[in-house]
Every structure is written in structure tokens, then in C-alpha cells.
$ cat query_1.cif   # mmCIF, C-alpha atoms
data_target
loop_
_atom_site.group_PDB
_atom_site.id
_atom_site.type_symbol
_atom_site.label_atom_id
_atom_site.label_comp_id
_atom_site.auth_asym_id
_atom_site.auth_seq_id
_atom_site.Cartn_x
_atom_site.Cartn_y
_atom_site.Cartn_z
ATOM 1 C CA ALA R 1 20.226 -12.063 -6.677
ATOM 2 C CA ALA R 2 20.969 -9.429 -4.097
ATOM 3 C CA THR R 3 24.055 -9.848 -1.954
ATOM 4 C CA THR R 4 23.033 -10.491 1.636
ATOM 5 C CA ALA R 5 24.495 -10.403 5.127
ATOM 6 C CA THR R 6 23.775 -12.892 7.904
ATOM 7 C CA SER R 7 21.801 -12.169 11.032
ATOM 8 C CA ALA R 8 21.830 -13.807 14.439
ATOM 9 C CA ALA R 9 19.473 -16.709 15.070
ATOM 10 C CA THR R 10 17.976 -14.963 18.047
ATOM 11 C CA GLU R 11 17.111 -11.943 15.957
ATOM 12 C CA GLN R 12 15.604 -14.222 13.303
ATOM 13 C CA GLU R 13 13.290 -15.784 15.889
ATOM 14 C CA GLU R 14 12.119 -12.363 17.053
ATOM 15 C CA GLY R 15 11.832 -10.778 13.621
ATOM 16 C CA TRP R 16 8.888 -10.259 11.292
ATOM 17 C CA PRO R 17 6.985 -13.498 10.557
ATOM 18 C CA TRP R 18 7.075 -12.856 6.791
ATOM 19 C CA MET R 19 10.886 -12.854 6.901
ATOM 20 C CA LYS R 20 11.237 -16.363 8.315
ATOM 21 C CA GLY R 21 13.780 -18.374 6.360
ATOM 22 C CA ILE R 22 15.523 -15.256 5.023
ATOM 23 C CA ASP R 23 19.062 -14.946 6.362
ATOM 24 C CA ALA R 24 19.577 -11.225 5.870
ATOM 25 C CA PRO R 25 17.350 -8.554 7.443
ATOM 26 C CA ILE R 26 18.166 -6.217 4.523
ATOM 27 C CA ALA R 27 20.007 -6.924 1.276
ATOM 28 C CA VAL R 28 23.448 -5.323 1.387
ATOM 29 C CA LYS R 29 23.533 -4.679 -2.362
ATOM 30 C CA ALA R 30 20.449 -3.659 -4.319
ATOM 31 C CA ILE R 31 19.400 -5.686 -7.324
ATOM 32 C CA ASP R 32 19.700 -4.105 -10.746
ATOM 33 C CA PRO R 33 16.620 -2.168 -11.924
ATOM 34 C CA VAL R 34 13.953 -4.632 -13.045
ATOM 35 C CA VAL R 35 13.114 -2.495 -16.092
ATOM 36 C CA LYS R 36 14.644 0.683 -17.484
ATOM 37 C CA GLU R 37 11.860 2.739 -15.844
ATOM 38 C CA ASP R 38 12.537 1.245 -12.399
ATOM 39 C CA ALA R 39 13.785 4.227 -10.372
ATOM 40 C CA ARG R 40 13.437 2.808 -6.854
ATOM 41 C CA PRO R 41 16.333 3.998 -4.681
ATOM 42 C CA ALA R 42 18.708 1.616 -2.941
ATOM 43 C CA VAL R 43 17.832 1.140 0.728
ATOM 44 C CA VAL R 44 21.439 1.274 1.916
ATOM 45 C CA ASP R 45 21.907 4.649 0.214
ATOM 46 C CA LEU R 46 18.776 6.073 1.851
ATOM 47 C CA ILE R 47 19.807 4.759 5.253
ATOM 48 C CA ASP R 48 23.269 6.297 4.872
ATOM 49 C CA GLU R 49 21.706 9.591 3.824
ATOM 50 C CA LYS R 50 19.293 9.640 6.792
ATOM 51 C CA ARG R 51 21.632 8.002 9.322
ATOM 52 C CA GLU R 52 21.640 10.877 11.815
ATOM 53 C CA LEU R 53 17.838 11.194 11.883
ATOM 54 C CA ILE R 54 17.377 7.418 12.090
ATOM 55 C CA ASP R 55 19.720 7.198 15.082
ATOM 56 C CA GLU R 56 17.932 10.074 16.837
ATOM 57 C CA VAL R 57 14.546 8.404 16.347
ATOM 58 C CA ARG R 58 15.917 5.074 17.591
ATOM 59 C CA SER R 59 17.343 6.773 20.679
ATOM 60 C CA SER R 60 13.845 8.048 21.520
ATOM 61 C CA LEU R 61 12.252 4.645 20.902
ATOM 62 C CA LYS R 62 14.694 2.268 22.555
ATOM 63 C CA ASP R 63 13.109 2.515 26.024
ATOM 64 C CA HIS R 64 9.560 1.939 24.735
ATOM 65 C CA PRO R 65 8.313 -1.444 26.069
ATOM 66 C CA LEU R 66 7.176 -2.519 22.563
ATOM 67 C CA TYR R 67 10.395 -1.579 20.787
ATOM 68 C CA ASN R 68 12.209 -4.609 19.331
ATOM 69 C CA ILE R 69 15.536 -3.969 17.636
ATOM 70 C CA SER R 70 15.099 -7.038 15.420
ATOM 71 C CA LYS R 71 11.883 -5.670 13.921
ATOM 72 C CA HIS R 72 12.191 -1.935 14.341
ATOM 73 C CA ASP R 73 15.477 -1.591 12.519
ATOM 74 C CA ASP R 74 16.934 1.049 10.207
ATOM 75 C CA LEU R 75 14.479 0.288 7.398
ATOM 76 C CA TRP R 76 11.418 0.399 9.655
ATOM 77 C CA ILE R 77 12.504 3.737 11.126
ATOM 78 C CA LEU R 78 13.509 5.063 7.684
ATOM 79 C CA ARG R 79 9.913 5.076 6.444
ATOM 80 C CA PHE R 80 8.842 7.275 9.372
ATOM 81 C CA VAL R 81 11.787 9.607 8.785
ATOM 82 C CA LEU R 82 10.997 9.934 5.083
ATOM 83 C CA SER R 83 7.341 10.681 5.828
ATOM 84 C CA HIS R 84 7.751 13.122 8.708
ATOM 85 C CA LYS R 85 11.153 14.711 7.902
ATOM 86 C CA LYS R 86 11.805 15.663 11.547
ATOM 87 C CA VAL R 87 12.565 13.604 14.633
ATOM 88 C CA LYS R 88 9.707 14.593 16.944
ATOM 89 C CA PRO R 89 6.778 13.793 14.591
ATOM 90 C CA ALA R 90 8.561 10.648 13.372
ATOM 91 C CA VAL R 91 8.931 9.401 16.962
ATOM 92 C CA LYS R 92 5.299 10.234 17.748
ATOM 93 C CA ALA R 93 4.043 8.305 14.716
ATOM 94 C CA ALA R 94 6.362 5.362 15.403
ATOM 95 C CA LYS R 95 5.199 5.045 19.025
ATOM 96 C CA TYR R 96 1.565 5.221 17.932
ATOM 97 C CA THR R 97 2.296 2.482 15.390
ATOM 98 C CA LEU R 98 3.931 0.226 17.995
ATOM 99 C CA GLU R 99 0.798 0.463 20.147
ATOM 100 C CA PHE R 100 -1.541 0.087 17.159
ATOM 101 C CA ARG R 101 0.203 -3.101 16.035
ATOM 102 C CA GLN R 102 0.137 -4.482 19.565
ATOM 103 C CA LYS R 103 -3.575 -3.704 19.952
ATOM 104 C CA TYR R 104 -4.513 -5.556 16.759
ATOM 105 C CA LYS R 105 -1.836 -8.289 17.074
ATOM 106 C CA LEU R 106 -0.416 -7.428 13.660
ATOM 107 C CA ASP R 107 3.073 -8.758 14.374
ATOM 108 C CA GLU R 108 1.888 -12.306 14.932
ATOM 109 C CA GLN R 109 0.860 -13.556 11.491
ATOM 110 C CA ASP R 110 2.114 -13.626 7.914
ATOM 111 C CA ILE R 111 -1.007 -12.720 5.893
ATOM 112 C CA ARG R 112 0.600 -12.439 2.453
ATOM 113 C CA ASP R 113 -1.276 -15.502 1.180
ATOM 114 C CA VAL R 114 -4.671 -14.540 2.620
ATOM 115 C CA ASP R 115 -7.177 -13.683 -0.111
ATOM 116 C CA ILE R 116 -10.517 -11.915 -0.051
ATOM 117 C CA ALA R 117 -12.418 -15.069 -1.029
ATOM 118 C CA SER R 118 -11.406 -16.705 2.254
ATOM 119 C CA ILE R 119 -12.260 -13.565 4.213
ATOM 120 C CA LYS R 120 -15.775 -13.478 2.704
ATOM 121 C CA LYS R 121 -16.703 -16.941 4.003
ATOM 122 C CA PRO R 122 -19.988 -16.936 6.005
ATOM 123 C CA GLU R 123 -18.316 -18.033 9.241
ATOM 124 C CA ASN R 124 -16.301 -14.809 9.363
ATOM 125 C CA THR R 125 -18.213 -12.012 11.058
ATOM 126 C CA ASP R 126 -15.696 -9.206 11.525
ATOM 127 C CA GLY R 127 -15.789 -5.840 9.783
ATOM 128 C CA LYS R 128 -13.620 -6.749 6.815
ATOM 129 C CA ALA R 129 -15.698 -9.881 6.094
ATOM 130 C CA LYS R 130 -18.904 -7.852 6.147
ATOM 131 C CA TYR R 131 -17.331 -5.138 3.999
ATOM 132 C CA TYR R 132 -16.025 -7.456 1.295
ATOM 133 C CA ARG R 133 -19.247 -9.507 1.205
ATOM 134 C CA CYS R 134 -21.101 -6.300 0.308
ATOM 135 C CA CYS R 135 -18.748 -5.673 -2.604
ATOM 136 C CA GLU R 136 -18.637 -7.484 -5.916
ATOM 137 C CA ASP R 137 -15.921 -10.102 -6.358
ATOM 138 C CA ASP R 138 -13.752 -7.886 -8.557
ATOM 139 C CA ALA R 139 -14.055 -4.732 -6.457
ATOM 140 C CA PHE R 140 -10.575 -5.175 -4.931
ATOM 141 C CA LEU R 141 -7.848 -7.293 -6.528
ATOM 142 C CA PHE R 142 -4.525 -7.584 -4.708
ATOM 143 C CA THR R 143 -1.832 -8.697 -7.129
ATOM 144 C CA ILE R 144 1.917 -9.273 -7.358
ATOM 145 C CA PRO R 145 2.532 -9.050 -11.128
ATOM 146 C CA ASP R 146 6.296 -9.059 -10.597
ATOM 147 C CA PRO R 147 7.741 -10.535 -7.369
ATOM 148 C CA GLN R 148 10.552 -7.959 -7.410
ATOM 149 C CA ARG R 149 8.378 -4.859 -7.931
ATOM 150 C CA GLY R 150 5.696 -4.997 -5.279
ATOM 151 C CA VAL R 151 1.940 -4.898 -4.806
ATOM 152 C CA VAL R 152 -0.472 -3.611 -7.447
ATOM 153 C CA ILE R 153 -4.067 -3.150 -6.292
ATOM 154 C CA PHE R 154 -6.889 -2.857 -8.800
ATOM 155 C CA ILE R 155 -10.102 -1.211 -7.569
ATOM 156 C CA ARG R 156 -13.351 -1.136 -9.524
ATOM 157 C CA TYR R 157 -15.108 1.716 -7.789
ATOM 158 C CA ALA R 158 -18.588 0.954 -9.157
ATOM 159 C CA ALA R 159 -18.396 -2.431 -7.418
ATOM 160 C CA VAL R 160 -18.131 -0.808 -3.970
ATOM 161 C CA PRO R 161 -21.741 -0.088 -2.845
ATOM 162 C CA GLN R 162 -21.286 2.833 -0.466
ATOM 163 C CA HIS R 163 -24.948 3.159 0.566
ATOM 164 C CA LYS R 164 -25.198 -0.557 1.383
ATOM 165 C CA LEU R 165 -21.939 -0.518 3.322
ATOM 166 C CA ILE R 166 -23.204 2.264 5.571
ATOM 167 C CA LYS R 167 -26.253 0.163 6.430
ATOM 168 C CA GLU R 168 -24.280 -3.034 7.075
ATOM 169 C CA LEU R 169 -21.218 -1.797 8.988
ATOM 170 C CA THR R 170 -20.838 0.258 12.144
ATOM 171 C CA GLU R 171 -18.247 3.019 12.245
ATOM 172 C CA ASP R 172 -16.049 0.855 14.495
ATOM 173 C CA GLU R 173 -16.124 -1.968 11.930
ATOM 174 C CA TRP R 174 -15.133 0.370 9.101
ATOM 175 C CA LEU R 175 -11.428 0.323 9.984
ATOM 176 C CA SER R 176 -11.032 -3.442 9.531
ATOM 177 C CA PRO R 177 -10.938 -3.688 5.699
ATOM 178 C CA PHE R 178 -8.564 -0.724 5.469
ATOM 179 C CA MET R 179 -6.306 -2.370 8.024
ATOM 180 C CA PHE R 180 -6.264 -5.611 6.029
ATOM 181 C CA ILE R 181 -5.338 -3.828 2.785
ATOM 182 C CA SER R 182 -2.611 -1.847 4.549
ATOM 183 C CA GLU R 183 -1.141 -4.798 6.451
ATOM 184 C CA PHE R 184 -1.188 -7.070 3.398
ATOM 185 C CA THR R 185 0.575 -4.341 1.440
ATOM 186 C CA PHE R 186 3.071 -3.602 4.209
ATOM 187 C CA GLN R 187 4.106 -7.220 4.610
ATOM 188 C CA TRP R 188 4.671 -7.684 0.886
ATOM 189 C CA VAL R 189 6.512 -4.412 0.224
ATOM 190 C CA ASP R 190 8.609 -4.868 3.369
ATOM 191 C CA TYR R 191 9.592 -8.360 2.215
ATOM 192 C CA ILE R 192 10.379 -7.154 -1.320
ATOM 193 C CA THR R 193 12.294 -4.126 -0.049
ATOM 194 C CA ARG R 194 14.410 -6.256 2.268
ATOM 195 C CA THR R 195 15.156 -8.985 -0.291
ATOM 196 C CA THR R 196 15.806 -6.702 -3.293
ATOM 197 C CA GLY R 197 17.498 -3.847 -1.464
ATOM 198 C CA ARG R 198 15.264 -1.281 -3.206
ATOM 199 C CA LEU R 199 12.684 0.837 -1.379
ATOM 200 C CA THR R 200 9.415 -0.576 -2.673
ATOM 201 C CA LYS R 201 5.913 0.848 -2.404
ATOM 202 C CA THR R 202 2.513 -0.029 -3.785
ATOM 203 C CA VAL R 203 0.471 1.414 -6.626
ATOM 204 C CA ARG R 204 -3.309 1.434 -6.904
ATOM 205 C CA PHE R 205 -5.403 1.577 -10.055
ATOM 206 C CA CYS R 206 -8.945 2.833 -9.525
ATOM 207 C CA ASP R 207 -11.354 2.267 -12.432
ATOM 208 C CA LEU R 208 -14.237 4.766 -12.517
ATOM 209 C CA VAL R 209 -16.194 3.107 -15.339
ATOM 210 C CA GLY R 210 -19.835 2.719 -14.291
ATOM 211 C CA HIS R 211 -19.531 4.845 -11.164
ATOM 212 C CA LYS R 212 -22.086 7.640 -10.839
ATOM 213 C CA ILE R 213 -22.138 10.657 -8.549
ATOM 214 C CA ALA R 214 -25.354 9.310 -7.018
ATOM 215 C CA ASP R 215 -23.386 6.247 -5.852
ATOM 216 C CA ASN R 216 -21.384 8.406 -3.453
ATOM 217 C CA ASN R 217 -22.371 8.441 0.199
ATOM 218 C CA ARG R 218 -21.196 11.359 2.339
ATOM 219 C CA GLU R 219 -20.930 9.277 5.511
ATOM 220 C CA ALA R 220 -18.969 6.560 3.711
ATOM 221 C CA ILE R 221 -16.554 9.134 2.328
ATOM 222 C CA SER R 222 -16.112 10.618 5.799
ATOM 223 C CA ARG R 223 -15.397 7.182 7.290
ATOM 224 C CA ASP R 224 -12.951 6.432 4.485
ATOM 225 C CA GLY R 225 -11.088 9.644 5.265
ATOM 226 C CA LYS R 226 -10.766 8.824 8.965
ATOM 227 C CA ALA R 227 -9.592 5.264 8.267
ATOM 228 C CA MET R 228 -7.068 6.398 5.662
ATOM 229 C CA GLY R 229 -5.700 8.981 8.083
ATOM 230 C CA ILE R 230 -4.946 6.248 10.616
ATOM 231 C CA MET R 231 -3.405 4.065 7.922
ATOM 232 C CA GLU R 232 -1.119 6.879 6.780
ATOM 233 C CA ASP R 233 0.151 7.266 10.347
ATOM 234 C CA CYS R 234 0.788 3.548 10.863
ATOM 235 C CA TYR R 235 1.962 2.620 7.362
ATOM 236 C CA PRO R 236 4.226 5.454 6.186
ATOM 237 C CA GLN R 237 5.769 5.495 2.727
ATOM 238 C CA MET R 238 3.544 2.682 1.456
ATOM 239 C CA LEU R 239 1.747 4.326 -1.471
ATOM 240 C CA GLN R 240 3.797 5.252 -4.516
ATOM 241 C CA SER R 241 0.920 6.328 -6.758
ATOM 242 C CA LEU R 242 -2.852 6.230 -7.066
ATOM 243 C CA PHE R 243 -3.944 6.160 -10.705
ATOM 244 C CA VAL R 244 -7.590 7.129 -11.149
ATOM 245 C CA CYS R 245 -8.475 5.757 -14.578
ATOM 246 C CA ASN R 246 -11.289 6.111 -17.083
ATOM 247 C CA PRO R 247 -12.883 9.196 -15.497
ATOM 248 C CA PRO R 248 -16.091 10.805 -16.766
ATOM 249 C CA THR R 249 -15.543 13.588 -19.298
ATOM 250 C CA TRP R 250 -16.255 16.416 -16.858
ATOM 251 C CA LEU R 251 -13.594 15.157 -14.443
ATOM 252 C CA GLU R 252 -11.090 14.520 -17.209
ATOM 253 C CA VAL R 253 -11.485 18.068 -18.556
ATOM 254 C CA THR R 254 -11.296 19.655 -15.095
ATOM 255 C CA TRP R 255 -8.151 17.713 -14.234
ATOM 256 C CA ALA R 256 -6.518 18.637 -17.542
ATOM 257 C CA ILE R 257 -6.997 22.315 -16.673
ATOM 258 C CA PHE R 258 -5.677 22.161 -13.117
ATOM 259 C CA ARG R 259 -3.024 19.430 -13.437
ATOM 260 C CA PRO R 260 -0.304 21.759 -14.813
ATOM 261 C CA LEU R 261 -0.809 24.072 -11.823
ATOM 262 C CA LEU R 262 -0.214 21.388 -9.212
ATOM 263 C CA PRO R 263 3.181 20.530 -7.674
ATOM 264 C CA LYS R 264 4.933 17.603 -9.343
ATOM 265 C CA ARG R 265 4.918 15.624 -6.101
ATOM 266 C CA VAL R 266 1.091 15.804 -5.980
ATOM 267 C CA VAL R 267 0.704 14.596 -9.552
ATOM 268 C CA GLN R 268 3.235 11.824 -8.932
ATOM 269 C CA LYS R 269 1.131 10.624 -5.986
ATOM 270 C CA VAL R 270 -2.356 10.993 -7.495
ATOM 271 C CA ASP R 271 -3.118 11.283 -11.179
ATOM 272 C CA ILE R 272 -6.298 11.052 -13.263
ATOM 273 C CA LEU R 273 -5.678 9.269 -16.546
ATOM 274 C CA SER R 274 -7.419 7.835 -19.592
ATOM 275 C CA PRO R 275 -4.941 5.124 -20.650
ATOM 276 C CA LYS R 276 -7.234 3.509 -23.216
ATOM 277 C CA LYS R 277 -7.576 6.803 -25.084
ATOM 278 C CA ASN R 278 -4.130 8.277 -24.518
ATOM 279 C CA LYS R 279 -1.086 6.050 -25.036
ATOM 280 C CA LYS R 280 1.176 8.544 -23.257
ATOM 281 C CA HIS R 281 -0.789 8.001 -20.057
ATOM 282 C CA LYS R 282 0.277 4.345 -20.000
ATOM 283 C CA GLN R 283 3.904 5.370 -19.709
ATOM 284 C CA ARG R 284 3.181 6.426 -16.120
ATOM 285 C CA PHE R 285 2.483 2.772 -15.320
ATOM 286 C CA TYR R 286 5.624 1.109 -16.670
ATOM 287 C CA PRO R 287 7.850 1.641 -13.589
ATOM 288 C CA HIS R 288 5.348 -0.530 -11.699
ATOM 289 C CA ILE R 289 3.827 -3.004 -14.140
ATOM 290 C CA SER R 290 4.518 -4.184 -17.681
ATOM 291 C CA GLU R 291 1.922 -3.798 -20.429
ATOM 292 C CA ASP R 292 1.366 -7.561 -20.747
ATOM 293 C CA LYS R 293 0.475 -7.733 -17.036
ATOM 294 C CA LEU R 294 -1.825 -4.698 -17.194
ATOM 295 C CA PRO R 295 -5.542 -5.472 -17.753
ATOM 296 C CA GLN R 296 -7.169 -4.106 -20.889
ATOM 297 C CA ARG R 297 -9.466 -1.816 -18.893
ATOM 298 C CA PHE R 298 -6.332 0.099 -17.873
ATOM 299 C CA GLY R 299 -4.846 0.186 -21.362
ATOM 300 C CA GLY R 300 -2.808 -3.017 -21.192
ATOM 301 C CA THR R 301 -2.934 -6.201 -23.235
ATOM 302 C CA ARG R 302 -3.980 -8.638 -20.495
ATOM 303 C CA THR R 303 -7.425 -10.046 -21.322
ATOM 304 C CA GLU R 304 -7.947 -11.906 -18.027
ATOM 305 C CA TRP R 305 -10.374 -10.279 -15.567
ATOM 306 C CA PRO R 306 -10.507 -10.631 -12.638
ATOM 307 C CA VAL R 307 -6.725 -11.018 -12.637
ATOM 308 C CA GLN R 308 -5.059 -13.683 -10.531
ATOM 309 C CA SER R 309 -3.222 -12.636 -7.411
ATOM 310 C CA ARG R 310 0.178 -13.823 -8.645
ATOM 311 C CA GLY R 311 1.855 -13.307 -12.005
#
$ encode --input "query_1.cif" --output "C-alpha cells"
Amino acid sequence: AATTATSAATEQEEGWPWMKGIDAPIAVKAIDPVVKEDARPAVVDLIDEKRELIDEVRSSLKDHPLYNISKHDDLWILRFVLSHKKVKPAVKAAKYTLEFRQKYKLDEQDIRDVDIASIKKPENTDGKAKYYRCCEDDAFLFTIPDPQRGVVIFIRYAAVPQHKLIKELTEDEWLSPFMFISEFTFQWVDYITRTTGRLTKTVRFCDLVGHKIADNNREAISRDGKAMGIMEDCYPQMLQSLFVCNPPTWLEVTWAIFRPLLPKRVVQKVDILSPKKNKKHKQRFYPHISEDKLPQRFGGTRTEWPVQSRG
């Protein structure tokens, strides 16, 4: 277990709801790598490296009425610093996030155990309920295969009916499901980062089997882009990698041609893979999930589908 430091009771009462019962706000010593491929950096090392920038951002935030030192600590500020590199844009994004979280009351509830099945109940009428009711049950699966390695989200793209969603949801309602995914992810990776001492992010597997070009809706894609832009501002350094799997042949060939020309950082963030046909592709997954936890449709040995949310 990670070595921890104690925090004041008053800070504990004012801290993040998903950290209740945890004595230390951040583990002082990072746990050992979970597997040999686990390359997550130690939080304390990153904070030491970015100390000057973190302190400058905090100095610009401390007079904001929504700033709370117990929540908006070194780790919280670190993610903005890592994303924006410079003080001014980091401060701007952090202030926007403070107001965004206040507007939607995101600091008030631990939602780590909320599942989509409960959201889809008929009595719920908000945007995310309407969105998920339109989708098939296995369209989005939020999982924690390893409690020390973070959130893995499986998306079956053919199960997301874009044309129907445009008819059922207004543009204002479109943000709600994206906000749920992002907040669920943030709470889990923040908890895991703080308790393991390693900067943890999420990975997403998107299965393209069965999806056709005709299934795409231009308005839906435009709305997705706007919502994801807001999420990137308010949830920095959340996504480690998006693995687009089982692409049609034309996309696979096109990607194979252009992939070597792209910067490594782009390919690390988004990659198009055929793990069932190419065993080397599966090696990209091992820092995040073991083969026995990976469903067969993504090249693993797990036969269960839909997968359970834990384990």
C-alpha cells in the first residue's frame, strides 16, 4: 500500500466527496508499477517538477470565491498545468472549471457507483437519461478492471443511433451524457491517483464492427465536437488513449499509410487498431488492462459481454 500523510479534519470535511474516509489527500509514496508496462509517473515527482507553475496558478486562483484549498490542491492544479503548459491559459481554464462545477453542482455527490441502468429508468427525464435510453444496453460500458489502474470505457459505436438521438434530444440536452461520462471518470481517476500516488487517466475502446458511414449524422457529430471541447476544458489530462478497434478495411489501410507520418504524441492519444488480426496491436493495451480482462472483441480472452462494471 502507498505510504500516506494525514490531513486536518476540517480539510477532510471540505474535500471531495469521493475521498471521504481517506486520511491522506495524496499518497506520499507511489505504489510499485502494477504490471511491467505500467509507466504512470509518480504524482509527487510531477508536482516537484511543476512546482513553480503550480504556485503561480494558485496565486491567481486564491481570491476566486469558489476556490477551496482542500479541493483545489497541487494535484488538481497540476492537471491544468500539464494541459496548458503556461500560467495564463491554465488559470483561465481552472476558473471556467470552478464556475462550471458550481453551475452543475458537481462537487456535491460521489457518483462512482451510479450505473447507466439506473439512469435509464423511466422516471428520469434529463438529457443523459434520454440519450442512454436511445442507445442499446452495451453501447457504453464503464469498467474498473483493476482498482489500481483506472477507468476503461468500452464503446460499441453501432449501438449509438445518431439519427434517432438528434430527433430525441435538444442541443442543450446533448451536454448531459458527456458530462456524466467525464465526471464519473474524473472521480474515479482522481481517487485512484490520490490513493496510489501515480497520475492515472482513462482509456477508451471504440468498436467499429457493424457501424456504417450512413449511420453518421452531421449534426450529431457537430454536437459531439462542441460537448467534447467543453469537457476537455473542464477535465484536463483525463484521457490517456482512445483505441479505435476493428475498423473497416478502407480505414485500416488509410491509417496504415498515414500513421508513420504523424507525431508520436498523436498516435499515443488516438490509434486505429485491429487487435483480433494483429497480435502486436494488443501490446498497446497492456499498460491499461490485462488480456484476461479484455473482451474477445478487442483481442482479449474474456468471453463475458457486456462486461461487468467491476473486475
$ closest_residue --input "query_1.cif" --among "R:Gly300, R:Pro25, R:Pro247, R:Pro17" --to "R:Phe285" --atoms "only C-alpha atoms"
R:Gly300
$ residues_around --input "query_1.cif" --residues "R:Asp74" --least-positions-apart "6" --cutoff "9 Å" --atoms "only C-alpha atoms" --output "PyMOL selection string"
chain R and resi 47+51+54-55+58
$ closest_residue --input "query_1.cif" --among "R:Cys206, R:Leu66, R:Met179, R:Leu262" --to "R:Arg297" --atoms "only C-alpha atoms"
R:Cys206
$ atom_distance --input "query_1.cif" --atom1 "atom CA of R:Gly229" --atom2 "atom CA of R:Ala93"
11.8 Å
$ resolve_selection --input "query_1.cif" --expression "the PyMOL selection byres ((chain R and resi 112) around 10)" --output "ChimeraX atom specification"
/R:18,109-111,113-115,183-188,191
$ resolve_selection --input "query_1.cif" --expression "the PyMOL selection byres ((chain R and resi 277) around 12)" --output "MDAnalysis selection string"
chainID R and resid 245:247 249 252 273:276 278:282 296:300
$ resolve_selection --input "query_1.cif" --expression "the PyMOL selection byres ((chain R and resi 61) around 10)" --output "list in words"
Asp55, Glu56, Val57, Arg58, Ser59, Ser60, Lys62, Asp63, His64, Pro65, Leu66, Tyr67, Asn68, Ile69, His72, Ile77, Val91, Lys92, Ala94, Lys95 and Leu98 of chain R
$ residues_around --input "query_1.cif" --residues "R:Phe243" --least-positions-apart "4" --cutoff "9 Å" --atoms "all atoms listed in the file" --output "count of residues only"
12
$ closest_residue --input "query_1.cif" --among "R:Ile289, R:Gln162, R:Tyr235, R:Phe178" --to "R:Glu219" --atoms "all atoms listed in the file"
R:Gln162
$ closest_residue --input "query_1.cif" --among "R:Pro263, R:Gly197, R:Gly127, R:Pro287" --to "R:Ala39" --atoms "all atoms listed in the file"
R:Pro287
$ residues_around --input "query_1.cif" --residues "R:Asp45" --least-positions-apart "2" --cutoff "12 Å" --atoms "all atoms listed in the file" --output "count of residues only"
19
$ closest_residue --input "query_1.cif" --among "R:Glu108, R:Glu304, R:Asp73, R:Asp292" --to "R:Asp146" --atoms "only C-alpha atoms"
R:Asp292
$ atom_distance --input "query_1.cif" --atom1 "atom CA of R:Trp305" --atom2 "atom CA of R:Phe180"
22.5 Å
$ residues_around --input "query_1.cif" --residues "R:Tyr286" --least-positions-apart "3" --cutoff "9 Å" --atoms "all atoms listed in the file" --output "PyMOL selection string"
chain R and resi 35+37-38+282-283+289-291
$ residues_around --input "query_1.cif" --residues "R:Ile116" --least-positions-apart "5" --cutoff "9 Å" --atoms "all atoms listed in the file" --output "MDAnalysis selection string"
chainID R and resid 121 129 132 137 140:142
